[in-house]
Amino acid sequence: MTRIVVYGAGGIGCYVGGRLAATGAPVRFVGRQRTADVLAEHGLRLTDYLGADLRVAPADVRYETTPGAAAEADLVLVTVKSAATESAAAELAEVLEPGAVVVSFQNGVRNGDLLRERLPDHVVVTGMVPFNVLNRGGGVFHQGTEGALDLQRHPSLAPYVDAFARAGLPLTQHDDILPVQWAKLLLNLNNPINALSDLPLRDELSQRSYRRCLAAAQAETLALLDAAGIAPAQLLAVPMHRFPVILRLPDVLFRRLAAKMLAIDPLARTSMWEDLEAGRTTEIDYLNGEVVRLAESLDRSAPVNAKLVHLIRAAEIKRRAWSGPDLLRELQG
Ligand SMILES: NC(=O)C1=CN([C@@H]2O[C@H](COP(=O)(O)OP(=O)(O)OC[C@H]3O[C@@H](n4cnc5c(N)ncnc54)[C@H](OP(=O)(O)O)[C@@H]3O)[C@@H](O)[C@H]2O)C=CC1
Ligand SMILES: CC(C)(CO)C(=O)C(=O)O
């Protein structure tokens, strides 16, 4: 059977790789010693919002901390944060066998291209993870929201389609992944707002003032995408260009019309909140920062997204919790 390596096994990597391993796929994880220690003690437990509950016993978790462990991979799932893609690519270039297929399961719009550039002799497929994964500690990883794994269509994925389906993670392949990535990035514009609010996603999105912050960031981005000729894909029930209007609705109406958007695990937060909490550099440059770069390329500006970049950079040094009204005033100022 083909060998799967998860490279950068944290939240997403342990969840996706864990479900594959729990359902019989040969998975090896490459990541940090702190995660290796937790999994050696507890093994993996993978749960989801639909009630799935899968386990991999400690003795069956193959978690390693050196790049060499990826040498025998047929399929590599790259799940490092965006700032670590460059070094992960350099490490993989040293060890991968010819023929290994590499998939980026990361946020942002540039990780797949970067991997492709650094691994010119390998097939690199750009993917996207639509759902939220919460690292509950003790080897427990929980999928809190819905969505199937999205990927650029590629024949090299064929040998793996069944294994992902068995794992309860069916693959959706797209002729063009870029509009899907931009749609996800529009949702990820909430990451800094959620991180600055210091609240679980559901509590944050229940408050109109935070939603108005997100609406402002999205409206700015949608205008730029329009100018760039990029039409974001529709990921949820409503087309992306309708989001700002819905987000600005008063709380009572929003709860009624967008109940599904609030159907989130009460504990779920964004990966950017997790980064701030752990004292790590965030992915802000690859999310709202990407919007600022797009604006510059069009000779325009993106003041709301630029301000969010600035606030997160400040929070990486010293955190404070922003109330919705304060954050909205700051973004409008
Ligand atoms: N968490 C979520 O709910 C979602 C996340 N995503 C996206 O998925 C991607 C992964 O996110 P997430 O799983 O949360 O990130 P994590 O930080 O939880 O996991 C990444 C892990 O990779 C490790 N790592 C970094 N560089 C290397 C390397 N060279 N070799 C081995 N290990 C390495 C990191 O260690 P260290 O911290 O020490 O660098 C970390 O433990 C991101 O792009 C994120 O935006 C997408 C959808 C949802
Ligand atoms: C799923 C979502 C949008 C929110 O958790 C995410 O991608 C992240 O946290 O980075």
# chains A, B, ... in the order shown; residues from 1 in each chain; ligands from 1
$ residues_around --residues "Asp74 of chain A" --least-positions-apart "2" --cutoff "10 Å" --atoms "only C-alpha atoms" --output "compact mmCIF listing (two decimals) with C-alpha atoms, in the first residue's frame"
# COMPACT_ATOMS: atom_id res chain seq x y z
CA MET A 1 0.00 0.00 0.00
CA THR A 2 1.17 3.53 -0.72
CA ARG A 3 2.82 5.32 2.17
CA ILE A 4 1.49 8.63 3.43
CA VAL A 5 3.58 11.13 5.37
CA ALA A 70 9.61 11.42 4.83
CA ALA A 71 12.09 9.61 2.60
CA GLU A 72 9.84 6.64 1.86
CA VAL A 76 3.25 13.89 1.50
CA LEU A 96 11.94 12.79 -1.12
CA GLU A 97 12.19 9.96 -3.62
CA PRO A 98 11.35 10.79 -7.24
CA GLY A 99 7.67 10.18 -7.89
CA ALA A 100 6.44 11.26 -4.45
CA VAL A 101 3.33 13.42 -4.68
CA VAL A 102 3.13 16.46 -2.41
$ residues_near_ligand --ligand "ligand 2" --cutoff "9 Å" --atoms "only C-alpha atoms and all ligand atoms" --output "list of chain:residue names"
A:Gln106, A:Asn107, A:Met128, A:Val129, A:Pro130, A:Phe131, A:Asn132, A:Val133, A:Leu134, A:Gly144, A:Thr145, A:Lys184, A:Leu185, A:Leu187, A:Asn188, A:Leu189, A:Asn190, A:Asn191, A:Leu201, A:Ala268, A:Arg269, A:Thr270, A:Ser271, A:Met272, A:Trp273, A:Glu274, A:Glu283
$ write_last_selection --atoms "N, CA and C atoms" --output "PDB file, in the first residue's frame"
ATOM      1  N   GLN A 106      -2.922  23.800   3.331  1.00  0.00           N
ATOM      2  CA  GLN A 106      -2.641  24.997   4.119  1.00  0.00           C
ATOM      3  C   GLN A 106      -3.558  26.135   3.679  1.00  0.00           C
ATOM      4  N   ASN A 107      -3.699  27.117   4.545  1.00  0.00           N
ATOM      5  CA  ASN A 107      -4.464  28.313   4.184  1.00  0.00           C
ATOM      6  C   ASN A 107      -3.613  29.264   3.358  1.00  0.00           C
ATOM      7  N   MET A 128      -6.931  22.465   0.134  1.00  0.00           N
ATOM      8  CA  MET A 128      -7.496  23.415   1.090  1.00  0.00           C
ATOM      9  C   MET A 128      -8.335  22.651   2.112  1.00  0.00           C
ATOM     10  N   VAL A 129      -8.186  23.019   3.367  1.00  0.00           N
ATOM     11  CA  VAL A 129      -8.981  22.391   4.430  1.00  0.00           C
ATOM     12  C   VAL A 129     -10.068  23.383   4.849  1.00  0.00           C
ATOM     13  N   PRO A 130     -11.328  23.054   4.585  1.00  0.00           N
ATOM     14  CA  PRO A 130     -12.381  24.034   4.873  1.00  0.00           C
ATOM     15  C   PRO A 130     -12.812  24.067   6.329  1.00  0.00           C
ATOM     16  N   PHE A 131     -12.541  22.983   7.063  1.00  0.00           N
ATOM     17  CA  PHE A 131     -13.115  22.894   8.413  1.00  0.00           C
ATOM     18  C   PHE A 131     -12.121  23.293   9.495  1.00  0.00           C
ATOM     19  N   ASN A 132     -12.686  23.493  10.679  1.00  0.00           N
ATOM     20  CA  ASN A 132     -11.902  23.884  11.839  1.00  0.00           C
ATOM     21  C   ASN A 132     -11.486  22.641  12.633  1.00  0.00           C
ATOM     22  N   VAL A 133     -10.255  22.611  13.082  1.00  0.00           N
ATOM     23  CA  VAL A 133      -9.814  21.526  13.965  1.00  0.00           C
ATOM     24  C   VAL A 133      -9.315  22.127  15.271  1.00  0.00           C
ATOM     25  N   LEU A 134      -9.853  21.623  16.345  1.00  0.00           N
ATOM     26  CA  LEU A 134      -9.450  22.094  17.669  1.00  0.00           C
ATOM     27  C   LEU A 134      -8.555  21.036  18.310  1.00  0.00           C
ATOM     28  N   GLY A 144     -14.684  20.780  14.202  1.00  0.00           N
ATOM     29  CA  GLY A 144     -15.848  21.481  14.756  1.00  0.00           C
ATOM     30  C   GLY A 144     -16.823  21.995  13.721  1.00  0.00           C
ATOM     31  N   THR A 145     -16.418  22.017  12.444  1.00  0.00           N
ATOM     32  CA  THR A 145     -17.325  22.525  11.407  1.00  0.00           C
ATOM     33  C   THR A 145     -17.281  21.593  10.196  1.00  0.00           C
ATOM     34  N   LYS A 184     -11.760  30.734   0.546  1.00  0.00           N
ATOM     35  CA  LYS A 184     -11.363  30.380   1.917  1.00  0.00           C
ATOM     36  C   LYS A 184     -10.645  31.555   2.571  1.00  0.00           C
ATOM     37  N   LEU A 185      -9.831  32.263   1.782  1.00  0.00           N
ATOM     38  CA  LEU A 185      -9.116  33.405   2.360  1.00  0.00           C
ATOM     39  C   LEU A 185     -10.110  34.478   2.829  1.00  0.00           C
ATOM     40  N   LEU A 187     -12.938  33.903   4.100  1.00  0.00           N
ATOM     41  CA  LEU A 187     -13.406  33.455   5.422  1.00  0.00           C
ATOM     42  C   LEU A 187     -12.312  33.641   6.470  1.00  0.00           C
ATOM     43  N   ASN A 188     -11.075  33.371   6.051  1.00  0.00           N
ATOM     44  CA  ASN A 188      -9.955  33.509   6.981  1.00  0.00           C
ATOM     45  C   ASN A 188      -9.664  34.968   7.375  1.00  0.00           C
ATOM     46  N   LEU A 189     -10.283  35.916   6.670  1.00  0.00           N
ATOM     47  CA  LEU A 189     -10.105  37.320   7.093  1.00  0.00           C
ATOM     48  C   LEU A 189     -10.651  37.500   8.504  1.00  0.00           C
ATOM     49  N   ASN A 190     -11.471  36.538   8.929  1.00  0.00           N
ATOM     50  CA  ASN A 190     -11.959  36.576  10.309  1.00  0.00           C
ATOM     51  C   ASN A 190     -10.895  36.127  11.314  1.00  0.00           C
ATOM     52  N   ASN A 191      -9.859  35.439  10.851  1.00  0.00           N
ATOM     53  CA  ASN A 191      -8.871  34.918  11.810  1.00  0.00           C
ATOM     54  C   ASN A 191      -8.303  36.010  12.718  1.00  0.00           C
ATOM     55  N   LEU A 201     -15.034  31.251  18.405  1.00  0.00           N
ATOM     56  CA  LEU A 201     -15.617  31.725  17.142  1.00  0.00           C
ATOM     57  C   LEU A 201     -17.118  32.026  17.248  1.00  0.00           C
ATOM     58  N   ALA A 268     -14.605  26.127  19.548  1.00  0.00           N
ATOM     59  CA  ALA A 268     -13.707  26.322  18.393  1.00  0.00           C
ATOM     60  C   ALA A 268     -13.210  27.759  18.291  1.00  0.00           C
ATOM     61  N   ARG A 269     -11.963  27.899  17.955  1.00  0.00           N
ATOM     62  CA  ARG A 269     -11.345  29.204  17.714  1.00  0.00           C
ATOM     63  C   ARG A 269     -10.545  29.085  16.424  1.00  0.00           C
ATOM     64  N   THR A 270      -9.992  30.192  15.946  1.00  0.00           N
ATOM     65  CA  THR A 270      -9.211  30.105  14.713  1.00  0.00           C
ATOM     66  C   THR A 270      -7.764  29.705  15.004  1.00  0.00           C
ATOM     67  N   SER A 271      -7.091  29.252  13.939  1.00  0.00           N
ATOM     68  CA  SER A 271      -5.684  28.866  14.095  1.00  0.00           C
ATOM     69  C   SER A 271      -4.832  30.086  14.477  1.00  0.00           C
ATOM     70  N   MET A 272      -5.299  31.297  14.108  1.00  0.00           N
ATOM     71  CA  MET A 272      -4.510  32.483  14.476  1.00  0.00           C
ATOM     72  C   MET A 272      -4.605  32.761  15.974  1.00  0.00           C
ATOM     73  N   TRP A 273      -5.766  32.497  16.552  1.00  0.00           N
ATOM     74  CA  TRP A 273      -5.885  32.622  18.013  1.00  0.00           C
ATOM     75  C   TRP A 273      -4.921  31.634  18.674  1.00  0.00           C
ATOM     76  N   GLU A 274      -4.883  30.407  18.142  1.00  0.00           N
ATOM     77  CA  GLU A 274      -3.985  29.394  18.721  1.00  0.00           C
ATOM     78  C   GLU A 274      -2.542  29.858  18.647  1.00  0.00           C
ATOM     79  N   GLU A 283      -0.085  33.704  10.805  1.00  0.00           N
ATOM     80  CA  GLU A 283      -0.099  33.664   9.327  1.00  0.00           C
ATOM     81  C   GLU A 283      -0.660  34.957   8.731  1.00  0.00           C
TER      82      GLU A 283
END
$ closest_atom_pairs --of "segment 108-186 of chain A" --to "segment 33-41 of chain A" --cutoff "9 Å" --atoms "only C-alpha atoms" --output "CSV"
residue,atom,partner,partner_atom,distance
A:Gly137,CA,A:Val38,CA,8.2
A:Gly138,CA,A:Val38,CA,6.2
A:Gly139,CA,A:Leu39,CA,5.6
$ closest_residue --among "A:Asn111, A:Gln234, A:Ser82, A:Ser197" --to "Asp326 of chain A" --atoms "only C-alpha atoms"
A:Ser197
$ closest_atom_pairs --of "segment 179-288 of chain A" --to "segment 298-314 of chain A" --cutoff "7 Å" --atoms "only C-alpha atoms" --output "JSON lines"
{"residue": "A:Pro192", "atom": "CA", "partner": "A:Ile312", "partner_atom": "CA", "distance": 6.5}
{"residue": "A:Ala216", "atom": "CA", "partner": "A:Val304", "partner_atom": "CA", "distance": 6.9}
{"residue": "A:Ala217", "atom": "CA", "partner": "A:Val304", "partner_atom": "CA", "distance": 5.7}
{"residue": "A:Glu220", "atom": "CA", "partner": "A:Ala302", "partner_atom": "CA", "distance": 6.5}
{"residue": "A:Ile284", "atom": "CA", "partner": "A:Val309", "partner_atom": "CA", "distance": 6.0}
{"residue": "A:Asn288", "atom": "CA", "partner": "A:Asn305", "partner_atom": "CA", "distance": 5.2}
$ atom_distance --atom1 "atom CA of Glu146 of chain A" --atom2 "atom CA of Asn194 of chain A"
18.8 Å
$ atom_distance --atom1 "atom CA of Val161 of chain A" --atom2 "atom CA of Gln173 of chain A"
10.1 Å
$ residues_around --residues "segment 50-54 of chain A" --least-positions-apart "5" --cutoff "8 Å" --atoms "only C-alpha atoms" --output "PyMOL selection string"
chain A and resi 19+22+45
$ closest_atom_pairs --of "segment 236-287 of chain A" --to "segment 205-208 of chain A" --cutoff "9 Å" --atoms "only C-alpha atoms" --output "JSON lines"
{"residue": "A:Leu247", "atom": "CA", "partner": "A:Arg208", "partner_atom": "CA", "distance": 7.4}
{"residue": "A:Arg248", "atom": "CA", "partner": "A:Arg208", "partner_atom": "CA", "distance": 6.6}
{"residue": "A:Leu249", "atom": "CA", "partner": "A:Arg208", "partner_atom": "CA", "distance": 7.2}
{"residue": "A:Pro250", "atom": "CA", "partner": "A:Arg208", "partner_atom": "CA", "distance": 6.3}
{"residue": "A:Asp251", "atom": "CA", "partner": "A:Arg208", "partner_atom": "CA", "distance": 5.9}
{"residue": "A:Phe254", "atom": "CA", "partner": "A:Ser206", "partner_atom": "CA", "distance": 8.2}
{"residue": "A:Arg255", "atom": "CA", "partner": "A:Ser206", "partner_atom": "CA", "distance": 7.6}
{"residue": "A:Met261", "atom": "CA", "partner": "A:Leu205", "partner_atom": "CA", "distance": 8.4}
{"residue": "A:Leu262", "atom": "CA", "partner": "A:Leu205", "partner_atom": "CA", "distance": 7.1}
$ write_last_selection --atoms "C-alpha atoms" --output "PDB file, in the first residue's frame"
ATOM      1  CA  LEU A 247     -22.700  39.838   8.331  1.00  0.00           C
ATOM      2  CA  ARG A 248     -23.917  43.403   8.877  1.00  0.00           C
ATOM      3  CA  LEU A 249     -27.451  42.270   9.828  1.00  0.00           C
ATOM      4  CA  PRO A 250     -28.614  42.914  13.391  1.00  0.00           C
ATOM      5  CA  ASP A 251     -27.991  39.965  15.739  1.00  0.00           C
ATOM      6  CA  PHE A 254     -28.367  37.179  11.581  1.00  0.00           C
ATOM      7  CA  ARG A 255     -29.177  34.345  14.001  1.00  0.00           C
ATOM      8  CA  MET A 261     -22.768  29.978  10.217  1.00  0.00           C
ATOM      9  CA  LEU A 262     -23.145  29.810  13.986  1.00  0.00           C
TER      10      LEU A 262
END
$ select_by_dssp --residues "segment 84-292 of chain A" --states "helix (DSSP H, G or I)" --output "PyMOL selection string"
chain A and resi 84-95+111-118+155-166+178-188+190-197+201-205+208-228+240-247+251-257+259-262+271-277+284-286+288-292
$ select_by_dssp --residues "segment 57-172 of chain A" --states "strand (DSSP E)" --output "number ranges by chain"
A: 63-64, 75-78, 101-105, 123-128, 133-137, 140-143, 149-152, 171-172
$ write_last_selection --atoms "N, CA and C atoms" --output "compact mmCIF listing (two decimals), in the first residue's frame"
# COMPACT_ATOMS: atom_id res chain seq x y z
N TYR A 63 5.25 8.59 14.89
CA TYR A 63 5.51 10.04 14.88
C TYR A 63 7.02 10.26 15.01
N GLU A 64 7.61 10.94 14.04
CA GLU A 64 9.05 11.15 14.04
C GLU A 64 9.36 12.64 13.97
N LEU A 75 3.05 9.75 -0.79
CA LEU A 75 2.21 10.95 -0.72
C LEU A 75 2.61 11.74 0.53
N VAL A 76 2.89 13.03 0.35
CA VAL A 76 3.25 13.89 1.50
C VAL A 76 2.17 14.95 1.65
N LEU A 77 1.58 15.03 2.84
CA LEU A 77 0.61 16.08 3.13
C LEU A 77 1.33 17.16 3.93
N VAL A 78 1.50 18.33 3.34
CA VAL A 78 2.22 19.40 4.03
C VAL A 78 1.21 20.20 4.85
N VAL A 101 4.29 12.35 -4.42
CA VAL A 101 3.33 13.42 -4.68
C VAL A 101 3.18 14.25 -3.41
N VAL A 102 3.19 15.57 -3.57
CA VAL A 102 3.13 16.46 -2.41
C VAL A 102 1.83 17.27 -2.48
N VAL A 103 1.10 17.29 -1.36
CA VAL A 103 -0.15 18.07 -1.30
C VAL A 103 0.00 19.14 -0.23
N SER A 104 -0.36 20.37 -0.57
CA SER A 104 -0.39 21.44 0.44
C SER A 104 -1.80 21.51 1.01
N PHE A 105 -1.93 21.21 2.31
CA PHE A 105 -3.22 21.41 2.99
C PHE A 105 -3.05 22.60 3.92
N VAL A 123 5.34 16.13 -8.33
CA VAL A 123 3.98 16.67 -8.53
C VAL A 123 3.57 17.32 -7.22
N VAL A 124 3.20 18.59 -7.28
CA VAL A 124 2.69 19.29 -6.10
C VAL A 124 1.24 19.69 -6.38
N VAL A 125 0.35 19.27 -5.51
CA VAL A 125 -1.08 19.55 -5.69
C VAL A 125 -1.52 20.51 -4.58
N THR A 126 -2.18 21.59 -4.98
CA THR A 126 -2.66 22.55 -3.99
C THR A 126 -4.00 22.08 -3.44
N GLY A 127 -4.09 22.06 -2.11
CA GLY A 127 -5.34 21.66 -1.46
C GLY A 127 -5.81 22.73 -0.49
N MET A 128 -6.93 22.46 0.13
CA MET A 128 -7.50 23.42 1.09
C MET A 128 -8.33 22.65 2.11
N VAL A 133 -10.25 22.61 13.08
CA VAL A 133 -9.81 21.53 13.96
C VAL A 133 -9.31 22.13 15.27
N LEU A 134 -9.85 21.62 16.35
CA LEU A 134 -9.45 22.09 17.67
C LEU A 134 -8.56 21.04 18.31
N ASN A 135 -7.38 21.47 18.73
CA ASN A 135 -6.50 20.57 19.47
C ASN A 135 -6.92 20.66 20.93
N ARG A 136 -7.62 19.63 21.38
CA ARG A 136 -8.16 19.66 22.75
C ARG A 136 -7.14 19.26 23.80
N GLY A 137 -5.95 18.85 23.35
CA GLY A 137 -4.93 18.39 24.29
C GLY A 137 -5.07 16.89 24.51
N VAL A 140 -6.23 14.58 21.58
CA VAL A 140 -7.60 14.64 21.05
C VAL A 140 -7.71 15.81 20.08
N PHE A 141 -8.14 15.52 18.85
CA PHE A 141 -8.30 16.55 17.82
C PHE A 141 -9.75 16.48 17.34
N HIS A 142 -10.42 17.65 17.34
CA HIS A 142 -11.86 17.67 17.06
C HIS A 142 -12.18 18.57 15.88
N GLN A 143 -12.88 18.00 14.89
CA GLN A 143 -13.37 18.79 13.76
C GLN A 143 -14.69 19.44 14.17
N LEU A 149 -12.46 18.02 2.04
CA LEU A 149 -11.13 18.50 1.62
C LEU A 149 -11.16 18.85 0.13
N ASP A 150 -10.68 20.05 -0.21
CA ASP A 150 -10.67 20.52 -1.60
C ASP A 150 -9.26 20.43 -2.17
N LEU A 151 -9.18 20.04 -3.45
CA LEU A 151 -7.86 19.91 -4.10
C LEU A 151 -7.95 20.29 -5.56
N GLN A 152 -6.83 20.73 -6.11
CA GLN A 152 -6.71 20.87 -7.56
C GLN A 152 -6.86 19.46 -8.16
N LEU A 171 -12.41 13.54 -0.83
CA LEU A 171 -11.72 14.62 -1.53
C LEU A 171 -12.65 15.22 -2.58
N THR A 172 -12.72 16.55 -2.65
CA THR A 172 -13.42 17.21 -3.75
C THR A 172 -12.36 17.83 -4.64
$ closest_residue --among "A:Ile193, A:Leu235, A:Ala258, A:Leu224" --to "Tyr210 of chain A" --atoms "only C-alpha atoms"
A:Ile193
$ closest_residue --among "A:Asp176, A:Glu204, A:Glu86, A:Glu94" --to "ligand 1" --atoms "only C-alpha atoms and all ligand atoms"
A:Glu86
$ residues_around --residues "segment 7-13 of chain A" --least-positions-apart "3" --cutoff "6 Å" --atoms "only C-alpha atoms" --output "MDAnalysis selection string"
chainID A and resid 16:17 29:31 77:80 135
$ atom_distance --atom1 "atom 5 (C, counted along the ligand's line) of ligand 1" --atom2 "atom CA of Ala183 of chain A"
14.8 Å
$ closest_residue --among "A:Arg319, A:His241, A:Lys81, A:Arg118" --to "ligand 1" --atoms "only C-alpha atoms and all ligand atoms"
A:Lys81
$ residues_around --residues "Arg202 of chain A" --least-positions-apart "6" --cutoff "8 Å" --atoms "only C-alpha atoms" --output "list in words"
Leu262, Ala263, Ile264, Asp265, Pro266, Leu267 and Ala268 of chain A
$ write_last_selection --atoms "C-alpha atoms" --output "mmCIF file, in the first residue's frame"
data_model
loop_
_atom_site.group_PDB
_atom_site.id
_atom_site.type_symbol
_atom_site.label_atom_id
_atom_site.label_comp_id
_atom_site.auth_asym_id
_atom_site.auth_seq_id
_atom_site.Cartn_x
_atom_site.Cartn_y
_atom_site.Cartn_z
ATOM 1 C CA LEU A 262 -23.145 29.810 13.986
ATOM 2 C CA ALA A 263 -23.395 26.017 14.037
ATOM 3 C CA ILE A 264 -19.830 25.854 15.300
ATOM 4 C CA ASP A 265 -18.438 23.894 18.194
ATOM 5 C CA PRO A 266 -18.748 26.288 21.182
ATOM 6 C CA LEU A 267 -15.035 25.878 21.952
ATOM 7 C CA ALA A 268 -13.707 26.322 18.393
#
$ closest_residue --among "A:Ala93, A:Ala21, A:Val292, A:Val56" --to "ligand 1" --atoms "only C-alpha atoms and all ligand atoms"
A:Ala93
$ closest_residue --among "A:Ala59, A:Leu46, A:Leu178, A:Leu199" --to "Gly324 of chain A" --atoms "only C-alpha atoms"
A:Leu199
